$ cat entry31.cif   # mmCIF, C-alpha atoms and all ligand atoms
data_structure
#
loop_
_atom_site.label_atom_id
_atom_site.label_comp_id
_atom_site.auth_asym_id
_atom_site.auth_seq_id
_atom_site.Cartn_x
_atom_site.Cartn_y
_atom_site.Cartn_z
CA MET A 5 102.65 75.72 100.34
CA ARG A 6 103.41 79.39 100.62
CA ILE A 7 101.08 82.24 101.59
CA GLY A 8 101.31 85.89 100.55
CA GLN A 9 99.38 89.07 101.17
CA GLY A 10 99.30 92.38 99.34
CA ILE A 11 97.73 95.80 99.88
CA ASP A 12 97.32 98.71 97.49
CA VAL A 13 95.73 102.16 97.64
CA HIS A 14 95.19 104.82 95.01
CA ALA A 15 93.74 108.30 95.45
CA PHE A 16 90.90 109.40 93.22
CA GLY A 17 91.73 112.27 90.87
CA PRO A 18 90.59 113.76 87.59
CA GLY A 19 89.08 111.32 85.12
CA ASP A 20 85.94 109.50 84.11
CA HIS A 21 86.76 105.85 84.84
CA VAL A 22 88.79 103.52 87.01
CA VAL A 23 90.36 100.19 86.10
CA VAL A 24 89.85 97.52 88.78
CA GLY A 25 90.68 93.86 88.32
CA GLY A 26 91.32 94.58 84.65
CA VAL A 27 87.79 95.94 84.17
CA ARG A 28 87.21 99.54 83.07
CA ILE A 29 84.41 101.02 85.20
CA ALA A 30 82.82 104.41 84.52
CA HIS A 31 83.19 106.71 87.54
CA SER A 32 83.05 110.39 88.47
CA HIS A 33 86.83 110.27 89.05
CA GLY A 34 89.92 108.47 87.80
CA VAL A 35 92.82 107.42 90.01
CA VAL A 36 96.16 109.13 90.48
CA ALA A 37 98.75 106.58 89.37
CA HIS A 38 101.78 106.06 87.18
CA SER A 39 100.26 102.95 85.60
CA ASP A 40 96.53 102.39 85.10
CA GLY A 41 96.24 102.35 88.92
CA ASP A 42 94.50 99.00 89.17
CA VAL A 43 94.46 98.45 92.95
CA ALA A 44 93.14 94.89 92.73
CA ILE A 45 95.90 93.74 90.39
CA HIS A 46 98.59 95.64 92.32
CA ALA A 47 97.51 94.00 95.60
CA LEU A 48 97.37 90.61 93.89
CA CYS A 49 100.86 91.04 92.40
CA ASP A 50 102.25 91.96 95.82
CA ALA A 51 100.59 88.91 97.36
CA ILE A 52 102.21 86.62 94.77
CA LEU A 53 105.60 88.33 95.11
CA GLY A 54 105.23 88.14 98.89
CA ALA A 55 104.53 84.41 98.79
CA LEU A 56 107.69 83.98 96.70
CA ALA A 57 109.67 86.41 98.94
CA LEU A 58 110.67 88.30 95.80
CA GLY A 59 110.15 91.87 96.98
CA ASP A 60 107.28 94.02 95.83
CA ILE A 61 105.70 95.41 92.69
CA GLY A 62 107.57 98.71 93.05
CA GLN A 63 110.90 96.87 92.75
CA HIS A 64 109.81 94.88 89.71
CA PHE A 65 108.07 97.80 87.96
CA PRO A 66 109.59 101.04 89.32
CA PRO A 67 107.31 104.10 88.92
CA SER A 68 110.47 105.97 87.86
CA ASP A 69 110.63 103.79 84.73
CA ASP A 70 108.80 105.43 81.83
CA ARG A 71 108.04 102.02 80.33
CA TRP A 72 105.31 101.64 82.96
CA ARG A 73 103.63 105.02 82.41
CA ASP A 74 99.90 104.36 81.93
CA ALA A 75 100.79 100.66 81.74
CA ASP A 76 98.10 98.00 81.62
CA SER A 77 98.55 96.35 85.03
CA ARG A 78 97.67 92.98 83.48
CA VAL A 79 101.26 93.01 82.16
CA PHE A 80 102.44 93.11 85.79
CA LEU A 81 100.14 90.26 86.77
CA ARG A 82 101.22 88.03 83.90
CA HIS A 83 104.86 88.69 84.86
CA CYS A 84 104.18 87.73 88.47
CA ALA A 85 102.38 84.57 87.32
CA SER A 86 105.38 83.58 85.20
CA LEU A 87 107.73 84.20 88.14
CA MET A 88 105.51 81.94 90.23
CA ARG A 89 105.81 79.14 87.67
CA GLU A 90 109.57 79.68 87.23
CA HIS A 91 110.00 79.21 90.97
CA GLY A 92 108.07 75.94 90.88
CA TYR A 93 104.71 77.05 92.24
CA ALA A 94 101.11 77.01 91.07
CA LEU A 95 98.25 79.11 92.39
CA GLY A 96 96.12 77.34 94.98
CA ASN A 97 93.70 80.25 95.33
CA ALA A 98 93.55 84.02 95.52
CA ASP A 99 91.09 86.12 97.51
CA ILE A 100 90.80 89.85 96.84
CA SER A 101 88.82 92.44 98.80
CA ILE A 102 88.20 95.87 97.28
CA VAL A 103 87.22 98.76 99.53
CA CYS A 104 85.46 101.89 98.24
CA GLU A 105 82.17 103.75 98.55
CA ALA A 106 81.92 104.05 94.76
CA PRO A 107 81.95 102.87 92.05
CA LYS A 108 79.98 99.70 92.71
CA ILE A 109 82.33 96.74 92.33
CA ALA A 110 80.00 93.75 92.79
CA PRO A 111 78.38 93.96 89.32
CA HIS A 112 81.88 93.59 87.81
CA ALA A 113 83.24 90.88 90.10
CA VAL A 114 82.67 87.97 87.70
CA ALA A 115 84.28 89.86 84.81
CA MET A 116 87.27 90.54 87.06
CA ARG A 117 87.54 86.87 88.01
CA VAL A 118 87.52 85.88 84.32
CA ILE A 119 90.32 88.34 83.52
CA LEU A 120 92.45 87.59 86.57
CA SER A 121 92.20 83.81 86.19
CA ALA A 122 93.12 84.10 82.50
CA ASP A 123 96.24 86.10 83.38
CA LEU A 124 97.13 83.73 86.21
CA GLY A 125 96.56 80.65 84.03
CA CYS A 126 94.12 79.10 86.50
CA GLU A 127 90.41 78.32 86.84
CA ARG A 128 87.91 81.04 87.67
CA ARG A 129 86.89 79.15 90.82
CA GLN A 130 90.42 79.70 92.20
CA VAL A 131 90.02 83.49 92.19
CA SER A 132 87.63 85.33 94.50
CA VAL A 133 86.76 89.03 94.22
CA LYS A 134 84.80 90.64 97.03
CA ALA A 135 83.86 94.25 97.71
CA THR A 136 82.91 96.30 100.71
CA THR A 137 82.49 99.91 101.72
CA SER A 138 84.12 101.22 104.89
CA GLU A 139 80.81 102.60 106.19
CA ARG A 140 81.79 106.16 105.24
CA LEU A 141 84.79 106.00 107.63
CA GLY A 142 88.35 106.89 106.71
CA PHE A 143 89.76 107.86 103.30
CA THR A 144 87.74 105.26 101.44
CA GLY A 145 84.63 106.28 103.33
CA ARG A 146 85.14 109.91 102.35
CA GLY A 147 85.48 108.87 98.73
CA GLU A 148 89.09 110.03 98.54
CA GLY A 149 90.41 106.80 97.15
CA ILE A 150 90.15 103.07 96.66
CA ALA A 151 91.97 100.22 98.42
CA ALA A 152 92.45 96.52 97.79
CA PHE A 153 93.69 93.63 99.88
CA ALA A 154 94.76 90.27 98.46
CA VAL A 155 95.79 86.93 99.88
CA VAL A 156 97.19 84.04 97.84
CA LEU A 157 98.13 80.47 98.58
CA LEU A 158 100.73 78.91 96.29
CA THR A 159 101.33 75.19 96.08
CA ALA A 160 104.49 73.44 94.91
CA ALA A 161 103.85 72.54 91.26
MG MG A 201 99.27 100.64 93.01
#
$ encode --input "entry31.cif" --output "structure tokens"
Amino acid sequence: MRIGQGIDVHAFGPGDHVVVGGVRIAHSHGVVAHSDGDVAIHALCDAILGALALGDIGQHFPPSDDRWRDADSRVFLRHCASLMREHGYALGNADISIVCEAPKIAPHAVAMRVILSADLGCERRQVSVKATTSERLGFTGRGEGIAAFAVVLLTAA
């Protein structure tokens, strides 16, 4: 078995929606990002890459590369899932925590699990999505941005 963790943060900026866990959620702001700025998927990708000791998402999808401008982050996740399989591993489980004051994440958690498990090629029960605020403390508490933390366990396939 191999374990990996990933963290991602994006600042809120102009816009009317955010994309989190592959789900488009209406919001008073968008996120500042080169891709679609999906913190949940970026953290999850880094957790998978970390478990495989294959660097990080920035090395695989450099922000300097125009191919990834406004990219659907699900492309990144499917790539990481295929790397996992190529290296002889299957997903045991993934657990993702999303931190923000708004928008509300919980109503979308099941939809995120459906999307993420489809891209990972696993069962929905293997993917957990949780959400919390930071009690108005720090950058997430001030509504300046959104953060996500992910942990994965990979098992030898
Ligand atoms: Mg990111």
$ axis_aligned_box --input "entry31.cif" --around "stretch 23-32 of chain A" --padding-each-side "3 Å" --output "JSON"
{"center_x": 87.1, "center_y": 102.1, "center_z": 85.9, "size_x": 14.5, "size_y": 22.5, "size_z": 11.7}
$ closest_residue --input "entry31.cif" --among "A:Ala161, A:Val155, A:Ile150, A:Ala51" --to "A:Val133" --atoms "only C-alpha atoms"
A:Val155
$ residues_near_ligand --input "entry31.cif" --ligand "ligand MG 201 (chain A)" --cutoff "6 Å" --atoms "only C-alpha atoms and all ligand atoms" --output "ChimeraX atom specification"
/A:12,41,43,46
$ atom_distance --input "entry31.cif" --atom1 "atom CA of A:Ala110" --atom2 "atom CA of A:Phe153"
15.4 Å
$ closest_residue --input "entry31.cif" --among "A:His21, A:Lys134, A:Arg129, A:His14" --to "A:His112" --atoms "all atoms listed in the file"
A:Lys134
$ closest_residue --input "entry31.cif" --among "A:His38, A:Arg6, A:His91, A:His31" --to "A:Gly19" --atoms "only C-alpha atoms"
A:His31
